[in-house]
file upload.csv (CSV, C-alpha atoms)
chain,number,residue,atom,x,y,z
A,1,MET,CA,0.0,0.0,0.0
A,2,TYR,CA,1.2,3.5,-0.8
A,3,ASP,CA,0.3,6.4,1.4
A,4,ILE,CA,1.4,9.6,-0.3
A,5,PHE,CA,0.6,11.6,2.9
A,6,SER,CA,3.4,9.8,4.6
A,7,LEU,CA,6.0,10.6,2.0
A,8,LYS,CA,9.0,12.7,3.2
A,9,ASP,CA,9.6,16.0,1.5
A,10,ILE,CA,12.2,15.7,-1.2
A,11,HIS,CA,14.2,18.2,-3.3
A,12,MET,CA,16.2,17.4,-6.4
A,13,PRO,CA,19.8,18.4,-6.9
A,14,GLU,CA,20.6,21.9,-8.0
A,15,GLY,CA,20.2,22.3,-11.8
A,16,PHE,CA,17.8,19.3,-12.1
A,17,LEU,CA,16.0,19.6,-15.4
A,18,TRP,CA,12.1,19.3,-15.4
A,19,GLY,CA,10.0,18.9,-18.5
A,20,SER,CA,7.7,16.8,-20.7
A,21,GLY,CA,7.4,15.6,-24.2
A,22,TYR,CA,5.4,14.0,-27.0
A,23,ALA,CA,6.1,12.3,-30.4
A,24,GLY,CA,5.3,13.7,-33.8
A,25,HIS,CA,3.0,11.0,-35.2
A,26,GLN,CA,1.0,10.9,-32.0
A,27,VAL,CA,0.1,14.6,-32.0
A,28,GLU,CA,0.8,16.3,-35.4
A,29,GLY,CA,-1.9,14.7,-37.5
A,30,MET,CA,-2.0,13.6,-41.1
A,31,ASN,CA,1.4,12.1,-41.2
A,32,VAL,CA,0.4,10.5,-44.5
A,33,ASN,CA,3.8,9.4,-45.8
A,34,SER,CA,4.8,7.3,-42.8
A,35,GLN,CA,4.6,3.5,-42.4
A,36,ARG,CA,2.4,4.0,-39.4
A,37,TRP,CA,-0.2,5.8,-41.4
A,38,LYS,CA,-0.3,3.0,-43.9
A,39,LEU,CA,-0.9,0.5,-41.1
A,40,GLU,CA,-3.8,2.5,-39.9
A,41,GLN,CA,-5.4,2.8,-43.3
A,42,GLU,CA,-5.1,-1.0,-43.7
A,43,GLY,CA,-7.2,-1.4,-40.5
A,44,ARG,CA,-4.4,-2.9,-38.5
A,45,THR,CA,-5.0,-0.5,-35.5
A,46,ALA,CA,-8.1,0.0,-33.4
A,47,GLU,CA,-8.3,3.7,-34.4
A,48,LYS,CA,-6.6,5.9,-37.0
A,49,SER,CA,-4.5,8.8,-35.9
A,50,GLY,CA,-6.2,11.2,-38.4
A,51,MET,CA,-5.7,14.8,-37.3
A,52,ALA,CA,-4.4,13.5,-33.9
A,53,CYS,CA,-4.0,16.7,-31.8
A,54,ASN,CA,-3.4,18.9,-34.8
A,55,SER,CA,-0.1,19.9,-33.4
A,56,TYR,CA,1.6,20.4,-36.8
A,57,ALA,CA,-0.7,23.5,-37.1
A,58,LEU,CA,-0.9,24.3,-33.4
A,59,TYR,CA,2.7,23.9,-32.4
A,60,LYS,CA,2.9,27.5,-31.3
A,61,GLU,CA,0.1,26.9,-28.9
A,62,ASP,CA,1.9,23.9,-27.5
A,63,VAL,CA,5.1,26.0,-27.0
A,64,SER,CA,3.0,28.5,-25.1
A,65,LEU,CA,1.6,25.7,-23.0
A,66,VAL,CA,5.0,24.3,-22.2
A,67,GLN,CA,6.2,27.8,-21.1
A,68,LYS,CA,3.0,28.5,-19.1
A,69,LEU,CA,3.4,25.3,-17.2
A,70,GLY,CA,7.0,26.1,-16.2
A,71,HIS,CA,8.7,23.3,-18.0
A,72,GLN,CA,12.4,23.7,-18.5
A,73,ALA,CA,12.8,21.1,-21.2
A,74,PHE,CA,10.7,19.5,-23.9
A,75,ARG,CA,11.2,16.4,-25.9
A,76,THR,CA,9.7,15.9,-29.4
A,77,SER,CA,10.5,14.2,-32.6
A,78,VAL,CA,11.3,15.2,-36.2
A,79,GLU,CA,9.1,13.3,-38.6
A,80,TRP,CA,11.4,11.9,-41.3
A,81,SER,CA,8.4,11.1,-43.4
A,82,ARG,CA,7.6,14.8,-43.6
A,83,ILE,CA,11.2,15.8,-44.3
A,84,GLU,CA,11.7,13.2,-47.0
A,85,PRO,CA,8.2,12.1,-48.1
A,86,GLU,CA,9.6,10.4,-51.2
A,87,GLU,CA,13.0,8.9,-51.5
A,88,GLY,CA,15.6,11.6,-52.2
A,89,LYS,CA,13.0,14.4,-52.3
A,90,PHE,CA,13.2,16.7,-49.3
A,91,CYS,CA,10.5,19.1,-48.2
A,92,GLU,CA,11.9,22.5,-47.3
A,93,GLU,CA,8.6,23.6,-45.8
A,94,ALA,CA,8.6,20.7,-43.3
A,95,ALA,CA,12.2,21.4,-42.4
A,96,GLN,CA,11.4,25.0,-41.8
A,97,HIS,CA,8.5,23.9,-39.6
A,98,TYR,CA,10.8,22.1,-37.2
A,99,VAL,CA,13.3,24.9,-37.3
A,100,ASP,CA,10.6,27.3,-36.2
A,101,PHE,CA,9.2,24.9,-33.6
A,102,PHE,CA,12.6,24.3,-32.0
A,103,ARG,CA,13.7,27.9,-32.3
A,104,MET,CA,10.5,29.0,-30.4
A,105,LEU,CA,11.2,26.5,-27.6
A,106,SER,CA,14.8,27.5,-27.3
A,107,GLU,CA,14.1,31.3,-27.3
A,108,ALA,CA,11.5,30.6,-24.5
A,109,GLY,CA,14.4,29.2,-22.4
A,110,ILE,CA,13.3,25.6,-22.9
A,111,LYS,CA,15.9,22.9,-23.5
A,112,VAL,CA,15.0,20.9,-26.6
A,113,PHE,CA,15.4,17.1,-26.7
A,114,ALA,CA,15.2,16.2,-30.4
A,115,THR,CA,14.4,12.6,-31.4
A,116,MET,CA,15.2,11.8,-35.0
A,117,VAL,CA,13.1,8.6,-35.3
A,118,HIS,CA,10.3,8.0,-32.8
A,119,VAL,CA,8.6,4.8,-34.0
A,120,SER,CA,7.4,6.3,-37.3
A,121,HIS,CA,9.5,6.6,-40.5
A,122,PRO,CA,8.8,7.0,-44.3
A,123,GLN,CA,6.9,4.3,-46.0
A,124,TRP,CA,9.5,4.1,-48.8
A,125,PHE,CA,12.1,3.4,-46.1
A,126,GLU,CA,9.9,0.6,-44.7
A,127,GLU,CA,9.7,-0.9,-48.2
A,128,ARG,CA,13.5,-1.0,-48.4
A,129,GLY,CA,13.7,-3.1,-45.3
A,130,HIS,CA,14.0,-0.2,-42.8
A,131,PHE,CA,16.4,-0.8,-39.9
A,132,LYS,CA,16.9,-4.5,-40.7
A,133,ASN,CA,18.8,-3.7,-43.9
A,134,LEU,CA,22.2,-2.2,-43.1
A,135,GLU,CA,22.5,-0.9,-46.7
A,136,ASN,CA,19.9,1.6,-45.7
A,137,ILE,CA,22.2,3.4,-43.3
A,138,LYS,CA,23.2,5.7,-46.1
A,139,TYR,CA,19.6,6.9,-46.4
A,140,PHE,CA,19.5,7.6,-42.7
A,141,GLN,CA,22.7,9.5,-42.8
A,142,ARG,CA,21.5,11.5,-45.7
A,143,TYR,CA,18.3,12.5,-43.8
A,144,LEU,CA,20.4,13.5,-40.7
A,145,THR,CA,22.8,15.4,-42.8
A,146,TYR,CA,19.9,17.4,-44.3
A,147,ILE,CA,18.0,18.3,-41.1
A,148,VAL,CA,20.5,18.2,-38.2
A,149,PRO,CA,22.5,21.3,-39.3
A,150,ARG,CA,19.2,23.3,-39.6
A,151,ILE,CA,17.9,22.5,-36.1
A,152,ALA,CA,21.3,22.1,-34.3
A,153,PRO,CA,21.4,25.7,-33.0
A,154,TYR,CA,18.3,25.0,-31.0
A,155,VAL,CA,18.8,21.5,-29.7
A,156,SER,CA,20.3,20.7,-26.3
A,157,PHE,CA,20.0,16.9,-26.3
A,158,TRP,CA,19.6,14.4,-29.1
A,159,ASN,CA,18.0,11.0,-29.3
A,160,VAL,CA,18.9,9.1,-32.4
A,161,ILE,CA,16.1,6.4,-32.2
A,162,ASN,CA,13.4,5.8,-29.7
A,163,GLU,CA,12.9,2.4,-28.0
A,164,PHE,CA,14.3,0.2,-30.8
A,165,ASN,CA,15.0,-2.4,-28.1
A,166,LEU,CA,11.3,-3.3,-28.2
A,167,SER,CA,11.6,-4.6,-31.8
A,168,ASP,CA,12.5,-8.2,-32.9
A,169,THR,CA,16.0,-9.4,-32.7
A,170,GLU,CA,16.9,-8.7,-36.3
A,171,GLU,CA,15.7,-5.1,-36.0
A,172,ARG,CA,17.4,-4.6,-32.6
A,173,VAL,CA,20.8,-5.6,-34.1
A,174,GLY,CA,20.3,-3.5,-37.2
A,175,SER,CA,19.2,-0.5,-35.1
A,176,LEU,CA,22.4,-0.7,-33.1
A,177,TYR,CA,24.4,0.1,-36.3
A,178,PHE,CA,21.9,2.9,-37.2
A,179,HIS,CA,22.3,4.3,-33.7
A,180,ALA,CA,26.1,4.4,-34.1
A,181,ALA,CA,25.9,6.0,-37.5
A,182,GLY,CA,23.4,8.5,-36.2
A,183,TYR,CA,25.6,9.3,-33.2
A,184,HIS,CA,28.6,10.1,-35.4
A,185,THR,CA,26.7,12.0,-38.0
A,186,ILE,CA,24.9,14.2,-35.5
A,187,HIS,CA,28.3,15.0,-33.8
A,188,GLN,CA,29.6,16.3,-37.1
A,189,PHE,CA,27.2,19.2,-36.7
A,190,SER,CA,26.5,19.5,-32.9
A,191,ASP,CA,28.4,19.3,-29.7
A,192,ALA,CA,25.2,18.6,-27.7
A,193,PRO,CA,25.1,15.2,-26.0
A,194,VAL,CA,23.6,12.3,-28.1
A,195,SER,CA,21.9,9.1,-27.0
A,196,SER,CA,19.1,6.8,-28.0
A,197,ALA,CA,16.0,6.5,-25.8
A,198,HIS,CA,15.9,3.0,-24.2
A,199,ALA,CA,12.7,1.4,-22.9
A,200,LEU,CA,14.0,0.0,-19.7
A,201,LEU,CA,11.8,-2.9,-18.9
A,202,HIS,CA,12.1,-4.3,-15.4
A,203,TYR,CA,11.7,-8.1,-15.8
A,204,MET,CA,10.6,-10.0,-12.7
A,205,PRO,CA,10.1,-13.7,-12.1
A,206,GLN,CA,6.4,-14.6,-11.6
A,207,ARG,CA,7.6,-16.8,-8.7
A,208,ALA,CA,10.3,-15.1,-6.8
A,209,TYR,CA,12.4,-18.1,-5.9
A,210,ASP,CA,11.6,-20.3,-8.9
A,211,ARG,CA,14.8,-21.3,-10.7
A,212,TYR,CA,13.2,-21.3,-14.2
A,213,ASP,CA,11.3,-18.0,-13.8
A,214,ASN,CA,14.5,-16.4,-12.7
A,215,LEU,CA,16.5,-17.8,-15.6
A,216,MET,CA,14.0,-16.6,-18.1
A,217,ALA,CA,13.7,-13.2,-16.4
A,218,THR,CA,17.5,-12.9,-16.8
A,219,MET,CA,17.2,-14.0,-20.4
A,220,GLN,CA,14.5,-11.4,-21.1
A,221,ASP,CA,16.6,-8.7,-19.5
A,222,TRP,CA,19.6,-9.6,-21.6
A,223,GLU,CA,17.6,-9.6,-24.8
A,224,TYR,CA,15.8,-6.3,-24.3
A,225,ASN,CA,18.0,-4.3,-21.9
A,226,GLU,CA,21.6,-5.5,-21.3
A,227,PHE,CA,22.4,-6.2,-25.0
A,228,PHE,CA,22.1,-2.4,-25.6
A,229,PHE,CA,24.1,-1.2,-22.5
A,230,HIS,CA,26.8,-3.8,-23.2
A,231,ALA,CA,27.1,-2.9,-26.9
A,232,VAL,CA,27.5,0.8,-26.1
A,233,ARG,CA,30.0,0.1,-23.3
A,234,THR,CA,32.1,-2.3,-25.3
A,235,GLY,CA,31.3,-2.4,-29.0
A,236,GLU,CA,30.3,-6.1,-28.6
A,237,ILE,CA,26.8,-7.2,-29.8
A,238,ILE,CA,25.9,-10.3,-27.9
A,239,LEU,CA,22.4,-11.8,-28.1
A,240,PRO,CA,21.0,-15.3,-27.6
A,241,HIS,CA,21.3,-17.7,-30.5
A,242,ARG,CA,23.6,-15.4,-32.5
A,243,ASP,CA,27.3,-15.3,-33.0
A,244,MET,CA,28.9,-12.2,-31.4
A,245,GLU,CA,29.5,-9.2,-33.6
A,246,ILE,CA,32.2,-6.7,-33.0
A,247,ALA,CA,31.2,-3.1,-33.9
A,248,PRO,CA,33.9,-0.7,-32.8
A,249,GLU,CA,31.9,2.3,-34.0
A,250,LEU,CA,29.3,1.4,-31.4
A,251,LYS,CA,31.5,1.8,-28.4
A,252,ASP,CA,30.8,4.9,-26.3
A,253,THR,CA,28.0,6.1,-28.5
A,254,CYS,CA,25.8,7.4,-25.7
A,255,ASP,CA,26.9,10.6,-24.0
A,256,PHE,CA,24.1,10.0,-21.4
A,257,TRP,CA,21.6,7.2,-20.7
A,258,SER,CA,18.2,8.2,-22.0
A,259,ILE,CA,15.7,6.1,-20.2
A,260,ASN,CA,12.0,5.5,-20.8
A,261,ILE,CA,10.5,3.6,-17.8
A,262,TYR,CA,7.0,2.7,-16.8
A,263,VAL,CA,6.1,-0.6,-15.1
A,264,ARG,CA,7.6,-4.0,-14.6
A,265,GLU,CA,7.1,-7.1,-16.8
A,266,MET,CA,6.3,-10.4,-15.1
A,267,VAL,CA,8.0,-13.5,-16.6
A,268,ASP,CA,6.4,-16.9,-16.3
A,269,SER,CA,8.7,-19.8,-17.6
A,270,ARG,CA,5.6,-22.1,-17.9
A,271,LEU,CA,4.2,-20.0,-20.7
A,272,LYS,CA,5.6,-20.2,-24.3
A,273,ASN,CA,5.5,-16.4,-24.6
A,274,LEU,CA,6.8,-15.9,-21.0
A,275,ALA,CA,4.2,-13.2,-20.5
A,276,GLY,CA,3.4,-13.5,-16.8
A,277,LYS,CA,0.2,-12.3,-15.2
A,278,ARG,CA,0.4,-9.1,-13.1
A,279,TYR,CA,-0.5,-9.8,-9.5
A,280,ASP,CA,-4.2,-9.2,-8.9
A,281,HIS,CA,-3.6,-6.9,-5.9
A,282,LYS,CA,-1.3,-4.7,-8.1
A,283,VAL,CA,-3.6,-4.2,-11.1
A,284,LEU,CA,-4.7,-0.6,-11.0
A,285,LYS,CA,-7.3,-0.2,-13.8
A,286,MET,CA,-7.2,3.6,-14.0
A,287,SER,CA,-9.1,3.7,-17.3
A,288,PRO,CA,-11.8,1.5,-19.0
A,289,CYS,CA,-9.4,0.5,-21.9
A,290,ASN,CA,-7.4,-2.6,-21.6
A,291,PHE,CA,-4.0,-1.0,-21.5
A,292,TYR,CA,-0.9,-2.9,-20.1
A,293,LEU,CA,0.3,0.0,-18.0
A,294,GLU,CA,-2.1,-0.7,-15.2
A,295,GLU,CA,0.2,-0.6,-12.2
A,296,MET,CA,2.2,1.7,-10.0
A,297,TYR,CA,5.7,0.3,-9.4
A,298,PRO,CA,8.0,3.2,-8.3
A,299,GLU,CA,10.5,0.7,-6.9
A,300,GLY,CA,11.3,-0.2,-10.5
A,301,MET,CA,12.6,3.3,-11.0
A,302,ILE,CA,15.2,2.7,-8.3
A,303,SER,CA,16.3,-0.7,-9.7
A,304,ALA,CA,16.6,0.8,-13.2
A,305,LEU,CA,18.6,3.9,-12.2
A,306,LEU,CA,21.1,2.0,-10.0
A,307,ARG,CA,22.2,-0.2,-12.9
A,308,LEU,CA,23.3,2.9,-14.9
A,309,THR,CA,25.7,4.7,-12.6
A,310,ASP,CA,28.5,5.1,-15.2
A,311,LYS,CA,26.9,8.0,-17.1
A,312,PRO,CA,24.5,10.8,-16.4
A,313,VAL,CA,20.9,9.8,-16.8
A,314,TYR,CA,17.9,11.7,-18.2
A,315,ILE,CA,14.5,10.0,-17.7
A,316,THR,CA,13.0,10.9,-21.1
A,317,GLU,CA,9.7,9.1,-20.6
A,318,ASN,CA,7.7,8.2,-17.5
A,319,GLY,CA,4.0,8.5,-16.8
A,320,CYS,CA,0.7,6.8,-16.4
A,321,SER,CA,-2.5,6.3,-18.4
A,322,THR,CA,-5.5,7.3,-16.4
A,323,ASP,CA,-9.0,8.9,-16.7
A,324,ASP,CA,-8.8,10.0,-13.1
A,325,ASP,CA,-6.1,12.8,-12.9
A,326,ARG,CA,-5.7,12.3,-9.2
A,327,PHE,CA,-3.8,9.1,-9.9
A,328,ARG,CA,-1.3,11.0,-12.0
A,329,ILE,CA,-0.6,13.3,-9.0
A,330,VAL,CA,0.0,10.2,-6.8
A,331,TYR,CA,2.2,8.7,-9.6
A,332,LEU,CA,4.4,11.8,-9.8
A,333,ALA,CA,4.8,12.0,-6.0
A,334,LEU,CA,5.7,8.3,-5.7
A,335,HIS,CA,8.1,8.3,-8.6
A,336,PHE,CA,10.0,11.4,-7.6
A,337,SER,CA,10.4,9.9,-4.1
A,338,ALA,CA,11.9,6.9,-5.8
A,339,ILE,CA,14.2,9.0,-8.1
A,340,ARG,CA,15.5,11.0,-5.1
A,341,GLU,CA,16.2,7.8,-3.3
A,342,ALA,CA,18.1,6.4,-6.3
A,343,ILE,CA,20.1,9.7,-6.4
A,344,ASN,CA,21.0,9.3,-2.7
A,345,MET,CA,22.3,5.8,-3.5
A,346,GLY,CA,24.6,7.0,-6.3
A,347,ALA,CA,22.5,7.4,-9.5
A,348,ASP,CA,23.5,10.6,-11.5
A,349,VAL,CA,20.0,11.6,-12.6
A,350,ARG,CA,20.1,15.0,-14.3
A,351,GLY,CA,16.5,15.5,-15.5
A,352,TYR,CA,13.0,14.1,-15.9
A,353,LEU,CA,10.5,14.5,-18.8
A,354,GLN,CA,6.9,13.6,-18.0
A,355,TRP,CA,5.0,11.6,-20.6
A,356,SER,CA,3.2,13.3,-21.8
A,357,LEU,CA,2.2,17.0,-22.4
A,358,LEU,CA,-1.0,16.1,-24.2
A,359,ASP,CA,-3.5,13.3,-24.3
A,360,ASN,CA,-2.5,11.9,-27.7
A,361,TYR,CA,-2.8,9.0,-30.1
A,362,GLU,CA,-1.2,6.1,-28.3
A,363,TRP,CA,-0.1,4.3,-31.5
A,364,SER,CA,-3.4,2.4,-32.0
A,365,SER,CA,-6.0,4.3,-30.0
A,366,PHE,CA,-6.9,7.6,-28.3
A,367,LYS,CA,-8.4,5.9,-25.3
A,368,PRO,CA,-5.2,5.8,-23.1
A,369,LYS,CA,-4.8,9.2,-21.4
A,370,PHE,CA,-1.2,10.0,-20.6
A,371,GLY,CA,-1.5,13.8,-20.9
A,372,MET,CA,-1.3,16.5,-18.3
A,373,VAL,CA,-3.3,18.5,-20.8
A,374,ALA,CA,-6.6,17.2,-22.3
A,375,VAL,CA,-7.4,17.7,-26.0
A,376,ASP,CA,-10.9,18.1,-27.4
A,377,ARG,CA,-11.1,15.5,-30.2
A,378,GLU,CA,-13.3,17.9,-32.3
A,379,THR,CA,-12.0,21.4,-31.7
A,380,PHE,CA,-8.4,20.5,-30.5
A,381,GLU,CA,-8.9,22.8,-27.6
A,382,ARG,CA,-6.2,22.2,-24.9
A,383,LYS,CA,-7.4,22.1,-21.3
A,384,ILE,CA,-4.9,22.0,-18.4
A,385,LYS,CA,-5.5,19.3,-15.8
A,386,PRO,CA,-4.8,19.6,-12.1
A,387,SER,CA,-1.8,17.3,-12.4
A,388,ALA,CA,-0.2,19.9,-14.7
A,389,CYS,CA,-0.5,22.5,-12.0
A,390,PHE,CA,0.8,20.0,-9.4
A,391,TYR,CA,3.8,19.4,-11.6
A,392,LYS,CA,4.3,23.1,-12.1
A,393,ASP,CA,4.5,23.6,-8.4
A,394,MET,CA,7.0,20.8,-8.1
A,395,ILE,CA,9.1,22.4,-10.7
A,396,ARG,CA,9.0,25.7,-8.8
A,397,GLU,CA,10.0,24.0,-5.6
A,398,ASN,CA,12.5,21.7,-7.3
A,399,GLY,CA,11.0,18.8,-5.4
A,400,CYS,CA,7.8,17.3,-3.9
A,401,THR,CA,6.6,18.3,-0.5
A,402,GLN,CA,3.6,17.5,1.7
A,403,LYS,CA,2.4,21.1,1.3
A,404,ILE,CA,2.2,20.7,-2.4
A,405,ILE,CA,0.5,17.3,-2.2
A,406,ARG,CA,-2.1,18.5,0.2
A,407,GLU,CA,-3.0,21.4,-1.9
A,408,TYR,CA,-4.2,19.0,-4.6
A,409,LEU,CA,-5.4,15.9,-2.7
A,410,ASP,CA,-7.3,15.4,0.5
A,411,ARG,CA,-7.3,11.6,0.3
A,412,ASN,CA,-5.6,8.8,-1.5
A,413,PRO,CA,-7.7,8.2,-4.7
A,414,SER,CA,-9.6,5.0,-5.0
A,415,LEU,CA,-11.1,3.2,-8.0
A,416,VAL,CA,-14.2,2.6,-6.0
A,417,LEU,CA,-14.6,5.9,-4.2
call {"tool": "encode", "arguments": {"input": "upload.csv", "output": "structure tokens"}}
result
Amino acid sequence: MYDIFSLKDIHMPEGFLWGSGYAGHQVEGMNVNSQRWKLEQEGRTAEKSGMACNSYALYKEDVSLVQKLGHQAFRTSVEWSRIEPEEGKFCEEAAQHYVDFFRMLSEAGIKVFATMVHVSHPQWFEERGHFKNLENIKYFQRYLTYIVPRIAPYVSFWNVINEFNLSDTEERVGSLYFHAAGYHTIHQFSDAPVSSAHALLHYMPQRAYDRYDNLMATMQDWEYNEFFFHAVRTGEIILPHRDMEIAPELKDTCDFWSINIYVREMVDSRLKNLAGKRYDHKVLKMSPCNFYLEEMYPEGMISALLRLTDKPVYITENGCSTDDDRFRIVYLALHFSAIREAINMGADVRGYLQWSLLDNYEWSSFKPKFGMVAVDRETFERKIKPSACFYKDMIRENGCTQKIIREYLDRNPSLVL
């Protein structure tokens, strides 16, 4: 049981960076030249993204929101499919859009985290074998060479690719080479630190002391987490059922660890797909949709951060999907308590970006609500939620205190009450 009214007041280190983020395809709308758009038109998602949050047109309003809410940093993506909608044909209007967007953020005093590929990419690149085909690296470098010099004056941190560790083995291996190529290409034009955002999944055995559950949890961690950290640290690509590959260009290609972290994953060795069942008493169904992030597990934040003490860490995604905004306030309070504890134990955490600024298209549906700001699906009007104000107060105090918590909650929220 968590009682947020018993949490100790915490403050983050001086200079700690607070912010939020979103991804282009999830908010911009009409990303018609991307592979994700094609999937949606083929009926392979529950809903289509359509106009999403109309942020391609309303980006200035989003910048004003970020500024109004006191955020010091903002993470967003450049949509390659807008920059290069057809192979070898670049769109200057789209390039100028991102230049203007990033310039506005920078001039407002907001640090920009730019992600160069966030799940979506051009359909023509998909048809060429995307990240599984290493011959495509030249197209990726061409794209970066075109857009990076234009936006570099306004970017403080770079993510080459977002969460490629969640793909299949062939794509994970290929993406490591794309990440390395991206790292070196970006650094031709920018001295700002570069990384790739890693979805750090905390794998736990379904049965704590079962030998086989533990073995398979370790295997899952190796396949989806450790392979990446080891490759960046050593230049060795080691994955199950594959010969080792040596890629010297991979070594030291993260200037910081960029971590996206949400909940734990249960591992059941008795199941072919290893997908264990979340303990009933930990399921927290905060919205009517069947979404897998139905748990609060701040302890996982501590475990994740303490395995990455060799570089500075920026938490580039963390948040919860809920229709009851009170749970987001609880989530923030608990997770910042965990982050502070990890820092006290030696983790070098420099910043945190809440996911996300807006309720957006969650890759297949609009039902999951991650945003601190609601968006009307017809008018695209933005409406600030109480959690956004709570977070703003945390930023002002550079921490989380009982005084702030009690201004927004008078009791622990309940799914029943």
call {"tool": "closest_residue", "arguments": {"input": "upload.csv", "among": "A:Val330, A:Leu166, A:Ala46, A:Ile186", "to": "Asn225 in chain A", "atoms": "all atoms listed in the file"}}
result
A:Leu166
call {"tool": "atom_distance", "arguments": {"input": "upload.csv", "atom1": "CA of Met266 in chain A", "atom2": "CA of His202 in chain A"}}
result
8.4 Å
call {"tool": "residues_near_point", "arguments": {"input": "upload.csv", "point": "(18.5, 5.1, -46.4)", "cutoff": "12 Å", "atoms": "all atoms listed in the file", "output": "PyMOL selection string"}}
result
chain A and resi 80+84+86-88+121-145+178+181-182
call {"tool": "atom_distance", "arguments": {"input": "upload.csv", "atom1": "CA of Ile384 in chain A", "atom2": "CA of Glu61 in chain A"}}
result
12.6 Å
call {"tool": "closest_residue", "arguments": {"input": "upload.csv", "among": "A:Tyr279, A:Tyr391, A:Tyr183, A:Trp257", "to": "Leu308 in chain A", "atoms": "all atoms listed in the file"}}
result
A:Trp257
call {"tool": "residues_near_point", "arguments": {"input": "upload.csv", "point": "(19.3, 0.9, -31.3)", "cutoff": "9 Å", "atoms": "only C-alpha atoms", "output": "PyMOL selection string"}}
result
chain A and resi 160-165+171-180+196-198+228
call {"tool": "atom_distance", "arguments": {"input": "upload.csv", "atom1": "CA of Gln206 in chain A", "atom2": "CA of Arg278 in chain A"}}
result
8.3 Å
call {"tool": "closest_residue", "arguments": {"input": "upload.csv", "among": "A:Ile405, A:Lys111, A:Ser364, A:Val416", "to": "Thr45 in chain A", "atoms": "only C-alpha atoms"}}
result
A:Ser364
call {"tool": "closest_residue", "arguments": {"input": "upload.csv", "among": "A:Cys91, A:Ala23, A:Met372, A:Met244", "to": "Ser120 in chain A", "atoms": "only C-alpha atoms"}}
result
A:Ala23
call {"tool": "closest_residue", "arguments": {"input": "upload.csv", "among": "A:Ser269, A:Ser6, A:Asn260, A:Asn344", "to": "Leu306 in chain A", "atoms": "all atoms listed in the file"}}
result
A:Asn344
call {"tool": "closest_residue", "arguments": {"input": "upload.csv", "among": "A:Leu65, A:Val194, A:Ala152, A:Ile83", "to": "Ala108 in chain A", "atoms": "all atoms listed in the file"}}
result
A:Leu65
call {"tool": "residues_around", "arguments": {"input": "upload.csv", "residues": "Arg211 in chain A", "least_positions_apart": "4", "cutoff": "12 Å", "atoms": "only C-alpha atoms", "output": "PyMOL selection string"}}
result
chain A and resi 205-207+215-218+267-270
call {"tool": "residues_around", "arguments": {"input": "upload.csv", "residues": "Pro288 in chain A", "least_positions_apart": "2", "cutoff": "12 Å", "atoms": "all atoms listed in the file", "output": "list in words"}}
result
Leu284, Lys285, Met286, Asn290, Phe291, Tyr292, Glu294, Ser321, Thr322, Asp323, Asp324, Lys367, Pro368, Lys369 and Leu415 of chain A
call {"tool": "residues_around", "arguments": {"input": "upload.csv", "residues": "Gly371 in chain A", "least_positions_apart": "4", "cutoff": "6 Å", "atoms": "all atoms listed in the file", "output": "MDAnalysis selection string"}}
result
chainID A and resid 356:359
call {"tool": "build_atoms", "arguments": {"input": "upload.csv", "residues": "range 227-237 of chain A", "atoms": "N, CA and C atoms", "output": "CSV table (one decimal), in the frame of the given file"}}
result
chain,number,residue,atom,x,y,z
A,227,PHE,N,21.7,-6.1,-23.7
A,227,PHE,CA,22.4,-6.2,-25.0
A,227,PHE,C,22.8,-4.7,-25.4
A,228,PHE,N,21.9,-3.8,-25.2
A,228,PHE,CA,22.1,-2.4,-25.6
A,228,PHE,C,23.2,-1.7,-24.7
A,229,PHE,N,23.1,-1.9,-23.4
A,229,PHE,CA,24.1,-1.2,-22.5
A,229,PHE,C,25.5,-1.8,-22.8
A,230,HIS,N,25.5,-3.2,-23.0
A,230,HIS,CA,26.8,-3.8,-23.2
A,230,HIS,C,27.4,-3.4,-24.5
A,231,ALA,N,26.6,-3.3,-25.6
A,231,ALA,CA,27.1,-2.9,-26.9
A,231,ALA,C,27.6,-1.5,-26.8
A,232,VAL,N,27.0,-0.6,-26.1
A,232,VAL,CA,27.5,0.8,-26.1
A,232,VAL,C,28.7,0.9,-25.2
A,233,ARG,N,28.8,0.1,-24.2
A,233,ARG,CA,30.0,0.1,-23.3
A,233,ARG,C,31.2,-0.5,-24.0
A,234,THR,N,31.0,-1.5,-24.8
A,234,THR,CA,32.1,-2.3,-25.3
A,234,THR,C,32.3,-2.4,-26.8
A,235,GLY,N,31.2,-2.2,-27.5
A,235,GLY,CA,31.3,-2.4,-29.0
A,235,GLY,C,31.0,-3.9,-29.3
A,236,GLU,N,30.6,-4.7,-28.4
A,236,GLU,CA,30.3,-6.1,-28.6
A,236,GLU,C,28.7,-6.2,-28.7
A,237,ILE,N,28.2,-6.9,-29.7
A,237,ILE,CA,26.8,-7.2,-29.8
A,237,ILE,C,26.6,-8.7,-29.5
